[in-house]
Amino acid sequence: MDASLCSDTGAIAFTSRQKSALIRRHALHCKYEKAVTLYANTGMALKAIARECNVSEGGLSNYLRRYWRELVLQRHRMPVDDKHLKDVKIVETGKQNIVAHEKYKDAIAACNSLDYIDFNISQLARKFGVGSTALPNFMRIHYPDTLAWRENVRRKLGINDNIRRGARPQCIRQYAEAVKLYKETDMTVAEIATQCNVSEGGLSQHLRFYHKDVLTQKRQQRKTAKDKIQKTQGELSGNGHKHEPLSETDLKYSEALSMYKDTALTLKEIAAKTGVSESGFRSYLHKWHKELVLDRLGIDGDISDDTDLRSVRLRIKTVAAKYEKAIESLRLNPRPVTGVARDFGLHPEVFRNYLYKHEPELVKRRMRTK
(Lines give C-alpha, C1' and ligand atoms only; values in the text may rest on other atoms or scores of the structure.)
Protein backbone atom coordinates (compact mmCIF):
# COMPACT_ATOMS: atom_id res chain seq x y z
CA MET A 1 0.00 0.00 0.00
CA ASP A 2 1.39 3.42 -0.99
CA ALA A 3 1.41 5.83 1.91
CA SER A 4 3.47 8.84 2.86
CA LEU A 5 4.57 9.77 6.37
CA CYS A 6 3.71 13.24 7.53
CA SER A 7 6.87 14.84 8.87
CA ASP A 8 5.14 17.00 11.48
CA THR A 9 2.74 14.53 13.10
CA GLY A 10 4.23 11.19 12.13
CA ALA A 11 0.78 9.98 10.98
CA ILE A 12 0.24 8.02 7.78
CA ALA A 13 -1.62 9.86 5.03
CA PHE A 14 -3.82 7.57 2.90
CA THR A 15 -5.35 8.32 -0.46
CA SER A 16 -9.13 8.46 -0.77
CA ARG A 17 -9.14 5.05 -2.46
CA GLN A 18 -7.11 3.51 0.37
CA LYS A 19 -9.40 5.07 2.96
CA SER A 20 -12.44 3.66 1.17
CA ALA A 21 -10.86 0.17 1.08
CA LEU A 22 -10.08 0.34 4.82
CA ILE A 23 -13.64 1.41 5.65
CA ARG A 24 -15.09 -1.47 3.60
CA ARG A 25 -12.75 -3.99 5.23
CA HIS A 26 -13.64 -2.72 8.72
CA ALA A 27 -17.35 -3.07 7.91
CA LEU A 28 -16.71 -6.63 6.67
CA HIS A 29 -14.93 -7.60 9.91
CA CYS A 30 -17.75 -6.09 11.99
CA LYS A 31 -20.33 -8.02 9.98
CA TYR A 32 -18.74 -11.41 10.71
CA GLU A 33 -17.34 -10.67 14.22
CA LYS A 34 -19.98 -12.70 16.10
CA ALA A 35 -19.80 -15.56 13.57
CA VAL A 36 -16.00 -15.81 13.97
CA THR A 37 -16.38 -15.96 17.77
CA LEU A 38 -18.89 -18.80 17.52
CA TYR A 39 -16.73 -20.64 14.97
CA ALA A 40 -13.65 -20.38 17.20
CA ASN A 41 -15.24 -21.16 20.57
CA THR A 42 -18.01 -23.66 19.74
CA GLY A 43 -18.47 -26.78 17.68
CA MET A 44 -21.49 -25.41 15.81
CA ALA A 45 -21.74 -26.23 12.13
CA LEU A 46 -21.07 -23.46 9.64
CA LYS A 47 -24.68 -23.54 8.44
CA ALA A 48 -26.00 -23.14 12.00
CA ILE A 49 -23.61 -20.25 12.69
CA ALA A 50 -24.66 -18.49 9.49
CA ARG A 51 -28.33 -18.87 10.45
CA GLU A 52 -27.64 -17.64 13.99
CA CYS A 53 -25.77 -14.54 12.79
CA ASN A 54 -28.13 -13.86 9.86
CA VAL A 55 -25.39 -14.04 7.20
CA SER A 56 -25.03 -16.21 4.11
CA GLU A 57 -23.25 -19.53 4.54
CA GLY A 58 -21.21 -19.06 1.36
CA GLY A 59 -20.12 -15.54 2.34
CA LEU A 60 -19.10 -16.68 5.82
CA SER A 61 -17.17 -19.64 4.41
CA ASN A 62 -15.23 -17.41 1.99
CA TYR A 63 -14.52 -14.87 4.73
CA LEU A 64 -13.16 -17.51 7.11
CA ARG A 65 -10.96 -19.12 4.45
CA ARG A 66 -9.50 -15.75 3.50
CA TYR A 67 -9.06 -13.96 6.84
CA TRP A 68 -9.21 -16.76 9.47
CA ARG A 69 -7.72 -19.69 7.59
CA GLU A 70 -5.90 -20.93 10.69
CA LEU A 71 -9.28 -21.45 12.41
CA VAL A 72 -10.59 -23.42 9.42
CA LEU A 73 -7.48 -25.63 9.38
CA GLN A 74 -7.75 -26.11 13.13
CA ARG A 75 -11.38 -27.22 12.87
CA HIS A 76 -10.46 -29.66 10.09
CA ARG A 77 -7.56 -30.91 12.25
CA MET A 78 -5.10 -30.35 9.45
CA PRO A 79 -1.38 -29.99 10.27
CA VAL A 80 0.29 -26.92 8.82
CA ASP A 81 3.97 -27.60 9.67
CA ASP A 82 6.13 -25.01 7.90
CA LYS A 83 3.75 -24.45 5.01
CA HIS A 84 2.19 -21.11 4.21
CA LEU A 85 -1.48 -21.14 5.21
CA LYS A 86 -2.64 -20.28 1.69
CA ASP A 87 -0.71 -23.25 0.29
CA VAL A 88 -2.64 -25.76 2.42
CA LYS A 89 -5.66 -27.14 0.54
CA ILE A 90 -8.56 -27.72 2.91
CA VAL A 91 -10.49 -30.01 0.59
CA GLU A 92 -8.62 -31.69 -2.26
CA THR A 93 -10.60 -32.86 -5.27
CA GLY A 94 -11.23 -36.59 -5.22
CA LYS A 95 -9.95 -37.05 -1.65
CA GLN A 96 -11.96 -37.44 1.51
CA ASN A 97 -12.06 -34.74 4.15
CA ILE A 98 -10.35 -35.49 7.50
CA VAL A 99 -13.49 -34.59 9.46
CA ALA A 100 -15.66 -36.82 7.25
CA HIS A 101 -13.13 -39.65 7.62
CA GLU A 102 -13.28 -39.38 11.41
CA LYS A 103 -17.06 -39.30 11.29
CA TYR A 104 -17.51 -42.45 9.19
CA LYS A 105 -14.40 -44.52 9.98
CA ASP A 106 -16.04 -46.73 12.66
CA ALA A 107 -19.07 -47.46 10.48
CA ILE A 108 -16.82 -48.26 7.50
CA ALA A 109 -14.68 -50.58 9.66
CA ALA A 110 -17.88 -52.40 10.65
CA CYS A 111 -18.84 -52.70 6.99
CA ASN A 112 -15.49 -54.41 6.37
CA SER A 113 -16.03 -56.88 9.25
CA LEU A 114 -17.81 -60.23 9.10
CA ASP A 115 -19.09 -59.58 12.64
CA TYR A 116 -21.64 -57.15 11.18
CA ILE A 117 -22.33 -58.95 7.91
CA ASP A 118 -25.95 -59.64 8.86
CA PHE A 119 -26.58 -55.88 9.19
CA ASN A 120 -27.46 -53.89 6.12
CA ILE A 121 -25.89 -50.46 5.51
CA SER A 122 -28.85 -48.54 6.93
CA GLN A 123 -28.78 -50.55 10.14
CA LEU A 124 -25.03 -49.99 10.51
CA ALA A 125 -25.50 -46.27 9.92
CA ARG A 126 -28.09 -46.03 12.71
CA LYS A 127 -25.92 -48.15 15.01
CA PHE A 128 -22.94 -45.80 14.65
CA GLY A 129 -24.97 -42.61 14.66
CA VAL A 130 -24.49 -41.44 11.07
CA GLY A 131 -26.94 -40.77 8.27
CA SER A 132 -28.40 -43.83 6.56
CA THR A 133 -28.19 -42.06 3.21
CA ALA A 134 -24.94 -40.19 3.82
CA LEU A 135 -22.95 -43.33 4.74
CA PRO A 136 -23.62 -45.30 1.53
CA ASN A 137 -23.10 -42.15 -0.54
CA PHE A 138 -19.73 -41.57 1.14
CA MET A 139 -18.78 -45.20 0.56
CA ARG A 140 -19.81 -45.11 -3.11
CA ILE A 141 -17.28 -42.34 -3.66
CA HIS A 142 -14.39 -43.48 -1.44
CA TYR A 143 -15.00 -47.18 -0.65
CA PRO A 144 -16.83 -48.75 -3.62
CA ASP A 145 -14.92 -52.04 -3.23
CA THR A 146 -16.25 -52.47 0.31
CA LEU A 147 -19.85 -52.21 -0.89
CA ALA A 148 -19.23 -54.74 -3.66
CA TRP A 149 -17.51 -57.14 -1.21
CA ARG A 150 -20.39 -56.91 1.30
CA GLU A 151 -23.04 -57.64 -1.31
CA ASN A 152 -21.07 -60.58 -2.68
CA VAL A 153 -20.56 -62.13 0.78
CA ARG A 154 -24.18 -61.54 1.84
CA ARG A 155 -25.39 -63.17 -1.36
CA LYS A 156 -23.22 -66.24 -0.74
CA LEU A 157 -24.41 -66.48 2.87
CA GLY A 158 -28.04 -66.32 1.78
CA ILE A 159 -28.83 -63.12 3.65
CA ASN A 160 -29.14 -60.94 0.60
CA ASP A 161 -32.01 -58.44 0.87
CA ASN A 162 -32.73 -58.67 -2.89
CA ILE A 163 -32.31 -54.94 -3.30
CA ARG A 164 -30.69 -54.03 -6.59
CA ARG A 165 -27.46 -52.03 -6.24
CA GLY A 166 -25.83 -49.74 -8.74
CA ALA A 167 -27.37 -47.25 -11.13
CA ARG A 168 -31.03 -47.81 -11.91
CA PRO A 169 -31.93 -48.34 -15.57
CA GLN A 170 -34.13 -45.25 -15.63
CA CYS A 171 -31.28 -43.16 -14.21
CA ILE A 172 -28.88 -44.52 -16.81
CA ARG A 173 -31.30 -43.52 -19.58
CA GLN A 174 -32.03 -40.15 -17.96
CA TYR A 175 -28.36 -39.13 -17.75
CA ALA A 176 -27.03 -40.93 -20.85
CA GLU A 177 -26.92 -37.85 -23.09
CA ALA A 178 -25.52 -35.69 -20.27
CA VAL A 179 -22.73 -38.17 -19.53
CA LYS A 180 -21.87 -38.34 -23.23
CA LEU A 181 -21.62 -34.53 -23.42
CA TYR A 182 -19.45 -34.42 -20.30
CA LYS A 183 -17.09 -36.99 -21.84
CA GLU A 184 -16.82 -35.46 -25.29
CA THR A 185 -17.04 -31.71 -24.68
CA ASP A 186 -15.58 -29.05 -22.39
CA MET A 187 -19.01 -27.99 -21.10
CA THR A 188 -19.46 -27.67 -17.34
CA VAL A 189 -21.89 -29.80 -15.33
CA ALA A 190 -24.20 -26.80 -14.90
CA GLU A 191 -24.27 -26.08 -18.65
CA ILE A 192 -24.92 -29.73 -19.51
CA ALA A 193 -27.66 -30.01 -16.89
CA THR A 194 -29.41 -26.96 -18.35
CA GLN A 195 -29.11 -28.25 -21.93
CA CYS A 196 -30.30 -31.77 -21.08
CA ASN A 197 -32.98 -30.54 -18.66
CA VAL A 198 -31.73 -32.65 -15.72
CA SER A 199 -30.85 -31.81 -12.15
CA GLU A 200 -27.34 -30.40 -11.72
CA GLY A 201 -26.95 -32.04 -8.31
CA GLY A 202 -28.32 -35.35 -9.61
CA LEU A 203 -25.96 -35.34 -12.59
CA SER A 204 -23.00 -34.48 -10.38
CA GLN A 205 -23.85 -37.32 -7.99
CA HIS A 206 -24.41 -39.76 -10.87
CA LEU A 207 -20.95 -38.95 -12.26
CA ARG A 208 -19.28 -39.31 -8.85
CA PHE A 209 -20.97 -42.64 -8.14
CA TYR A 210 -20.84 -44.42 -11.51
CA HIS A 211 -18.36 -42.58 -13.79
CA LYS A 212 -15.25 -42.05 -11.70
CA ASP A 213 -12.99 -42.76 -14.67
CA VAL A 214 -14.50 -39.79 -16.51
CA LEU A 215 -13.98 -37.52 -13.50
CA THR A 216 -10.36 -38.67 -13.20
CA GLN A 217 -9.79 -37.87 -16.87
CA LYS A 218 -11.37 -34.42 -16.50
CA ARG A 219 -9.30 -33.76 -13.39
CA GLN A 220 -6.13 -34.51 -15.33
CA GLN A 221 -7.24 -32.21 -18.16
CA ARG A 222 -7.82 -29.38 -15.68
CA LYS A 223 -4.41 -29.94 -14.10
CA THR A 224 -2.74 -29.80 -17.52
CA ALA A 225 -4.67 -26.62 -18.38
CA LYS A 226 -3.75 -25.04 -15.04
CA ASP A 227 -0.03 -25.73 -15.57
CA LYS A 228 -0.17 -24.17 -19.03
CA ILE A 229 1.34 -20.68 -18.84
CA GLN A 230 -0.19 -19.24 -22.03
CA LYS A 231 -3.96 -19.74 -21.98
CA THR A 232 -5.77 -19.94 -25.33
CA GLN A 233 -9.23 -18.43 -25.61
CA GLY A 234 -11.93 -21.11 -25.89
CA GLU A 235 -9.80 -23.87 -24.36
CA LEU A 236 -10.35 -25.47 -20.96
CA SER A 237 -8.86 -23.58 -18.01
CA GLY A 238 -7.72 -24.92 -14.65
CA ASN A 239 -11.10 -24.44 -12.95
CA GLY A 240 -13.08 -26.52 -15.43
CA HIS A 241 -14.50 -23.53 -17.33
CA LYS A 242 -13.46 -22.33 -20.76
CA HIS A 243 -10.97 -19.49 -20.95
CA GLU A 244 -13.36 -16.92 -22.38
CA PRO A 245 -15.25 -13.83 -21.19
CA LEU A 246 -18.60 -14.17 -19.45
CA SER A 247 -21.67 -13.65 -21.62
CA GLU A 248 -22.67 -10.69 -19.40
CA THR A 249 -19.28 -9.07 -20.04
CA ASP A 250 -19.62 -9.55 -23.81
CA LEU A 251 -23.09 -8.01 -23.68
CA LYS A 252 -21.86 -5.07 -21.58
CA TYR A 253 -19.13 -4.12 -24.07
CA SER A 254 -20.87 -5.21 -27.30
CA GLU A 255 -21.75 -1.67 -28.47
CA ALA A 256 -18.33 -0.30 -27.51
CA LEU A 257 -16.60 -3.20 -29.27
CA SER A 258 -18.59 -2.57 -32.45
CA MET A 259 -17.56 1.09 -32.41
CA TYR A 260 -13.93 0.12 -31.77
CA LYS A 261 -14.01 -2.13 -34.85
CA ASP A 262 -15.85 0.13 -37.26
CA THR A 263 -14.80 3.67 -36.30
CA ALA A 264 -11.62 5.59 -35.57
CA LEU A 265 -12.91 7.00 -32.27
CA THR A 266 -10.54 6.90 -29.31
CA LEU A 267 -11.17 4.72 -26.27
CA LYS A 268 -12.12 7.80 -24.26
CA GLU A 269 -14.70 8.88 -26.86
CA ILE A 270 -16.15 5.35 -27.15
CA ALA A 271 -16.43 5.05 -23.36
CA ALA A 272 -18.20 8.42 -23.16
CA LYS A 273 -20.68 7.49 -25.90
CA THR A 274 -21.52 4.00 -24.57
CA GLY A 275 -21.35 4.74 -20.84
CA VAL A 276 -18.78 2.09 -19.95
CA SER A 277 -15.58 2.46 -17.97
CA GLU A 278 -12.60 3.42 -20.13
CA SER A 279 -10.13 1.36 -18.05
CA GLY A 280 -12.52 -1.60 -17.93
CA PHE A 281 -13.03 -1.53 -21.69
CA ARG A 282 -9.28 -1.24 -22.28
CA SER A 283 -8.66 -4.26 -20.04
CA TYR A 284 -11.41 -6.21 -21.86
CA LEU A 285 -9.85 -5.43 -25.24
CA HIS A 286 -6.29 -6.34 -24.26
CA LYS A 287 -7.40 -9.63 -22.67
CA TRP A 288 -10.01 -10.92 -25.12
CA HIS A 289 -9.56 -8.94 -28.37
CA LYS A 290 -5.82 -8.40 -28.62
CA GLU A 291 -5.96 -8.80 -32.41
CA LEU A 292 -8.17 -5.70 -32.69
CA VAL A 293 -5.76 -3.71 -30.51
CA LEU A 294 -2.80 -4.77 -32.68
CA ASP A 295 -4.72 -4.00 -35.87
CA ARG A 296 -5.56 -0.50 -34.64
CA LEU A 297 -1.89 0.07 -33.75
CA GLY A 298 -0.78 -1.25 -37.13
CA ILE A 299 1.26 -4.10 -35.63
CA ASP A 300 1.78 -7.19 -37.78
CA GLY A 301 3.01 -10.62 -36.70
CA ASP A 302 3.20 -12.31 -33.32
CA ILE A 303 4.34 -10.46 -30.24
CA SER A 304 5.02 -11.64 -26.70
CA ASP A 305 3.19 -10.53 -23.57
CA ASP A 306 6.25 -8.54 -22.47
CA THR A 307 6.41 -6.48 -25.68
CA ASP A 308 5.92 -2.73 -25.26
CA LEU A 309 3.16 -1.99 -27.78
CA ARG A 310 4.13 1.69 -27.92
CA SER A 311 7.58 0.82 -29.21
CA VAL A 312 6.42 -1.48 -32.03
CA ARG A 313 3.26 0.27 -33.19
CA LEU A 314 3.30 1.56 -36.78
CA ARG A 315 0.22 3.49 -37.85
CA ILE A 316 -2.49 4.07 -35.27
CA LYS A 317 -5.99 3.97 -36.72
CA THR A 318 -7.20 7.08 -34.89
CA VAL A 319 -4.13 9.09 -35.99
CA ALA A 320 -4.51 7.89 -39.58
CA ALA A 321 -8.11 9.08 -39.56
CA LYS A 322 -6.98 12.46 -38.22
CA TYR A 323 -4.62 13.06 -41.17
CA GLU A 324 -6.64 11.23 -43.85
CA LYS A 325 -8.41 14.25 -45.36
CA ALA A 326 -5.27 16.40 -45.29
CA ILE A 327 -3.22 13.71 -47.06
CA GLU A 328 -5.90 13.23 -49.71
CA SER A 329 -6.04 17.00 -50.30
CA LEU A 330 -2.24 17.13 -50.64
CA ARG A 331 -2.30 14.20 -53.05
CA LEU A 332 -4.93 15.85 -55.31
CA ASN A 333 -3.52 19.37 -55.03
CA PRO A 334 0.26 19.42 -54.35
CA ARG A 335 1.25 22.51 -52.32
CA PRO A 336 3.35 23.41 -49.26
CA VAL A 337 2.81 21.24 -46.18
CA THR A 338 2.40 24.28 -43.95
CA GLY A 339 -0.51 25.45 -46.06
CA VAL A 340 -2.25 22.10 -45.89
CA ALA A 341 -1.68 21.93 -42.12
CA ARG A 342 -3.14 25.41 -41.72
CA ASP A 343 -6.19 24.52 -43.83
CA PHE A 344 -6.98 21.46 -41.70
CA GLY A 345 -5.91 22.81 -38.31
CA LEU A 346 -2.83 20.59 -37.92
CA HIS A 347 0.59 21.23 -36.47
CA PRO A 348 2.92 21.70 -39.50
CA GLU A 349 6.01 19.92 -38.11
CA VAL A 350 4.00 16.99 -36.68
CA PHE A 351 2.14 16.61 -39.98
CA ARG A 352 5.41 16.76 -41.95
CA ASN A 353 7.00 14.05 -39.73
CA TYR A 354 3.92 11.87 -40.20
CA LEU A 355 4.19 12.20 -43.98
CA TYR A 356 7.89 11.25 -43.98
CA LYS A 357 7.17 8.23 -41.81
CA HIS A 358 3.95 6.89 -43.34
CA GLU A 359 3.63 8.47 -46.79
CA PRO A 360 7.19 8.35 -48.24
CA GLU A 361 5.93 7.89 -51.82
CA LEU A 362 3.81 11.03 -51.58
CA VAL A 363 6.79 12.97 -50.22
CA LYS A 364 9.05 11.73 -53.07
CA ARG A 365 6.43 12.64 -55.70
CA ARG A 366 5.96 16.07 -54.17
CA MET A 367 9.74 16.65 -54.16
CA ARG A 368 9.94 15.64 -57.84
CA THR A 369 7.06 17.97 -58.69
CA LYS A 370 8.74 20.77 -56.84
# chains A, B, ... in the order shown; residues from 1 in each chain; ligands from 1
$ closest_atom_pairs --of "segment 58-174 of chain A" --to "segment 10-31 of chain A" --cutoff "10 Å" --atoms "only C-alpha atoms" --output "CSV"
residue,atom,partner,partner_atom,distance
A:Leu60,CA,A:Lys31,CA,9.7
A:Tyr63,CA,A:Leu28,CA,8.7
A:Tyr67,CA,A:His29,CA,9.2
$ residues_around --residues "segment 175-184 of chain A" --least-positions-apart "4" --cutoff "9 Å" --atoms "only C-alpha atoms" --output "MDAnalysis selection string"
chainID A and resid 170:171 188:189 192:193 195:196 198 202:203 206:207 211 214:215 217:218
$ select_by_dssp --residues "segment 169-339 of chain A" --states "alpha helix (DSSP H)" --output "PyMOL selection string"
chain A and resi 169-184+189-196+200-210+212-227+247-252+254-262+267-274+278-288+290-297+309-312+317-332+337-339
$ closest_residue --among "A:Val55, A:Leu362, A:Val36, A:Val293" --to "Leu71 of chain A" --atoms "only C-alpha atoms"
A:Val36
$ residues_around --residues "Arg222 of chain A" --least-positions-apart "2" --cutoff "12 Å" --atoms "only C-alpha atoms" --output "ChimeraX atom specification"
/A:93,186,188,215-220,224-228,235-243
$ write_last_selection --atoms "N, CA and C atoms" --output "short mmCIF file (atom, residue, chain, number, x, y, z; two decimals), in the first residue's frame"
data_model
loop_
_atom_site.label_atom_id
_atom_site.label_comp_id
_atom_site.auth_asym_id
_atom_site.auth_seq_id
_atom_site.Cartn_x
_atom_site.Cartn_y
_atom_site.Cartn_z
N THR A 93 -9.67 -32.19 -4.36
CA THR A 93 -10.60 -32.86 -5.27
C THR A 93 -10.31 -34.35 -5.33
N ASP A 186 -16.16 -29.78 -23.51
CA ASP A 186 -15.58 -29.05 -22.39
C ASP A 186 -16.66 -28.29 -21.61
N THR A 188 -19.41 -27.41 -18.76
CA THR A 188 -19.46 -27.67 -17.34
C THR A 188 -20.71 -28.49 -17.00
N LEU A 215 -14.39 -38.61 -14.39
CA LEU A 215 -13.98 -37.52 -13.50
C LEU A 215 -12.46 -37.46 -13.37
N THR A 216 -11.83 -38.63 -13.29
CA THR A 216 -10.36 -38.67 -13.20
C THR A 216 -9.73 -38.08 -14.45
N GLN A 217 -10.30 -38.41 -15.61
CA GLN A 217 -9.79 -37.87 -16.87
C GLN A 217 -9.96 -36.35 -16.92
N LYS A 218 -11.12 -35.86 -16.50
CA LYS A 218 -11.37 -34.42 -16.50
C LYS A 218 -10.43 -33.71 -15.53
N ARG A 219 -10.18 -34.35 -14.38
CA ARG A 219 -9.30 -33.76 -13.39
C ARG A 219 -7.89 -33.59 -13.95
N GLN A 220 -7.44 -34.59 -14.72
CA GLN A 220 -6.13 -34.51 -15.33
C GLN A 220 -6.08 -33.41 -16.39
N THR A 224 -3.58 -30.17 -16.38
CA THR A 224 -2.74 -29.80 -17.52
C THR A 224 -3.01 -28.36 -17.96
N ALA A 225 -4.29 -27.98 -17.99
CA ALA A 225 -4.67 -26.62 -18.38
C ALA A 225 -4.17 -25.59 -17.37
N LYS A 226 -4.19 -25.96 -16.09
CA LYS A 226 -3.75 -25.04 -15.04
C LYS A 226 -2.24 -24.81 -15.13
N ASP A 227 -1.49 -25.85 -15.47
CA ASP A 227 -0.03 -25.73 -15.57
C ASP A 227 0.41 -25.00 -16.83
N LYS A 228 -0.51 -24.84 -17.78
CA LYS A 228 -0.17 -24.17 -19.03
C LYS A 228 -0.06 -22.67 -18.79
N GLU A 235 -10.26 -22.59 -24.89
CA GLU A 235 -9.80 -23.87 -24.36
C GLU A 235 -10.14 -23.97 -22.88
N LEU A 236 -10.03 -25.20 -22.36
CA LEU A 236 -10.35 -25.47 -20.96
C LEU A 236 -9.31 -24.81 -20.07
N SER A 237 -9.77 -24.18 -18.98
CA SER A 237 -8.86 -23.58 -18.01
C SER A 237 -8.76 -24.48 -16.78
N GLY A 238 -7.97 -24.05 -15.81
CA GLY A 238 -7.72 -24.92 -14.65
C GLY A 238 -8.90 -25.13 -13.73
N ASN A 239 -9.94 -24.29 -13.83
CA ASN A 239 -11.10 -24.44 -12.95
C ASN A 239 -12.26 -25.18 -13.60
N GLY A 240 -12.03 -25.76 -14.77
CA GLY A 240 -13.08 -26.52 -15.43
C GLY A 240 -13.92 -25.71 -16.41
N HIS A 241 -13.77 -24.39 -16.40
CA HIS A 241 -14.50 -23.53 -17.33
C HIS A 241 -13.61 -23.20 -18.52
N LYS A 242 -14.23 -22.75 -19.59
CA LYS A 242 -13.46 -22.33 -20.76
C LYS A 242 -12.83 -20.97 -20.50
N HIS A 243 -11.66 -20.78 -21.08
CA HIS A 243 -10.97 -19.49 -20.95
C HIS A 243 -11.59 -18.53 -21.96
#
$ closest_residue --among "A:Leu147, A:Leu73, A:Ile49, A:Leu332" --to "Val99 of chain A" --atoms "only C-alpha atoms"
A:Leu73
$ residues_around --residues "Thr133 of chain A" --least-positions-apart "3" --cutoff "8 Å" --atoms "only C-alpha atoms" --output "list in words"
Ser122, Pro136 and Asn137 of chain A
$ residues_around --residues "Ala35 of chain A" --least-positions-apart "5" --cutoff "12 Å" --atoms "only C-alpha atoms" --output "PyMOL selection string"
chain A and resi 28-30+40-42+44-57+59-61+63-64+68
$ write_last_selection --atoms "N, CA and C atoms" --output "CSV table (one decimal), in the first residue's frame"
chain,number,residue,atom,x,y,z
A,28,LEU,N,-16.7,-5.2,6.9
A,28,LEU,CA,-16.7,-6.6,6.7
A,28,LEU,C,-16.4,-7.4,7.9
A,29,HIS,N,-15.3,-6.9,8.7
A,29,HIS,CA,-14.9,-7.6,9.9
A,29,HIS,C,-16.0,-7.5,11.0
A,30,CYS,N,-16.7,-6.3,11.0
A,30,CYS,CA,-17.7,-6.1,12.0
A,30,CYS,C,-18.9,-7.0,11.7
A,40,ALA,N,-14.9,-20.1,16.5
A,40,ALA,CA,-13.7,-20.4,17.2
A,40,ALA,C,-13.9,-21.1,18.5
A,41,ASN,N,-15.0,-20.7,19.2
A,41,ASN,CA,-15.2,-21.2,20.6
A,41,ASN,C,-16.3,-22.3,20.7
A,42,THR,N,-17.0,-22.6,19.6
A,42,THR,CA,-18.0,-23.7,19.7
A,42,THR,C,-17.8,-24.7,18.6
A,44,MET,N,-20.3,-25.6,16.7
A,44,MET,CA,-21.5,-25.4,15.8
A,44,MET,C,-21.1,-25.5,14.4
A,45,ALA,N,-22.0,-26.1,13.6
A,45,ALA,CA,-21.7,-26.2,12.1
A,45,ALA,C,-21.8,-24.9,11.5
A,46,LEU,N,-21.1,-24.7,10.3
A,46,LEU,CA,-21.1,-23.5,9.6
A,46,LEU,C,-22.5,-23.0,9.3
A,47,LYS,N,-23.3,-23.9,8.8
A,47,LYS,CA,-24.7,-23.5,8.4
A,47,LYS,C,-25.5,-23.0,9.6
A,48,ALA,N,-25.3,-23.6,10.8
A,48,ALA,CA,-26.0,-23.1,12.0
A,48,ALA,C,-25.5,-21.8,12.4
A,49,ILE,N,-24.2,-21.5,12.3
A,49,ILE,CA,-23.6,-20.2,12.7
A,49,ILE,C,-24.1,-19.2,11.8
A,50,ALA,N,-24.2,-19.5,10.5
A,50,ALA,CA,-24.7,-18.5,9.5
A,50,ALA,C,-26.1,-18.1,9.8
A,51,ARG,N,-26.9,-19.1,10.1
A,51,ARG,CA,-28.3,-18.9,10.4
A,51,ARG,C,-28.5,-18.0,11.7
A,52,GLU,N,-27.6,-18.4,12.7
A,52,GLU,CA,-27.6,-17.6,14.0
A,52,GLU,C,-27.3,-16.2,13.8
A,53,CYS,N,-26.3,-15.9,13.0
A,53,CYS,CA,-25.8,-14.5,12.8
A,53,CYS,C,-26.4,-13.8,11.6
A,54,ASN,N,-27.4,-14.5,11.0
A,54,ASN,CA,-28.1,-13.9,9.9
A,54,ASN,C,-27.2,-13.4,8.7
A,55,VAL,N,-26.3,-14.3,8.3
A,55,VAL,CA,-25.4,-14.0,7.2
A,55,VAL,C,-25.5,-15.3,6.3
A,56,SER,N,-25.0,-15.1,5.0
A,56,SER,CA,-25.0,-16.2,4.1
A,56,SER,C,-23.9,-17.2,4.4
A,57,GLU,N,-24.2,-18.5,4.2
A,57,GLU,CA,-23.2,-19.5,4.5
A,57,GLU,C,-22.0,-19.4,3.6
A,59,GLY,N,-20.9,-16.7,2.0
A,59,GLY,CA,-20.1,-15.5,2.3
A,59,GLY,C,-19.3,-15.8,3.6
A,60,LEU,N,-19.8,-16.4,4.6
A,60,LEU,CA,-19.1,-16.7,5.8
A,60,LEU,C,-18.0,-17.6,5.5
A,61,SER,N,-18.2,-18.7,4.7
A,61,SER,CA,-17.2,-19.6,4.4
A,61,SER,C,-16.0,-19.0,3.7
A,63,TYR,N,-15.2,-15.8,3.8
A,63,TYR,CA,-14.5,-14.9,4.7
A,63,TYR,C,-13.6,-15.6,5.7
A,64,LEU,N,-14.0,-16.7,6.2
A,64,LEU,CA,-13.2,-17.5,7.1
A,64,LEU,C,-11.9,-18.1,6.4
A,68,TRP,N,-9.4,-15.9,8.3
A,68,TRP,CA,-9.2,-16.8,9.5
A,68,TRP,C,-8.9,-18.2,9.1
$ residues_around --residues "Thr338 of chain A" --least-positions-apart "4" --cutoff "9 Å" --atoms "only C-alpha atoms" --output "list in words"
Arg342, Asp343, Leu346, His347, Pro348, Glu349, Phe351 and Arg352 of chain A
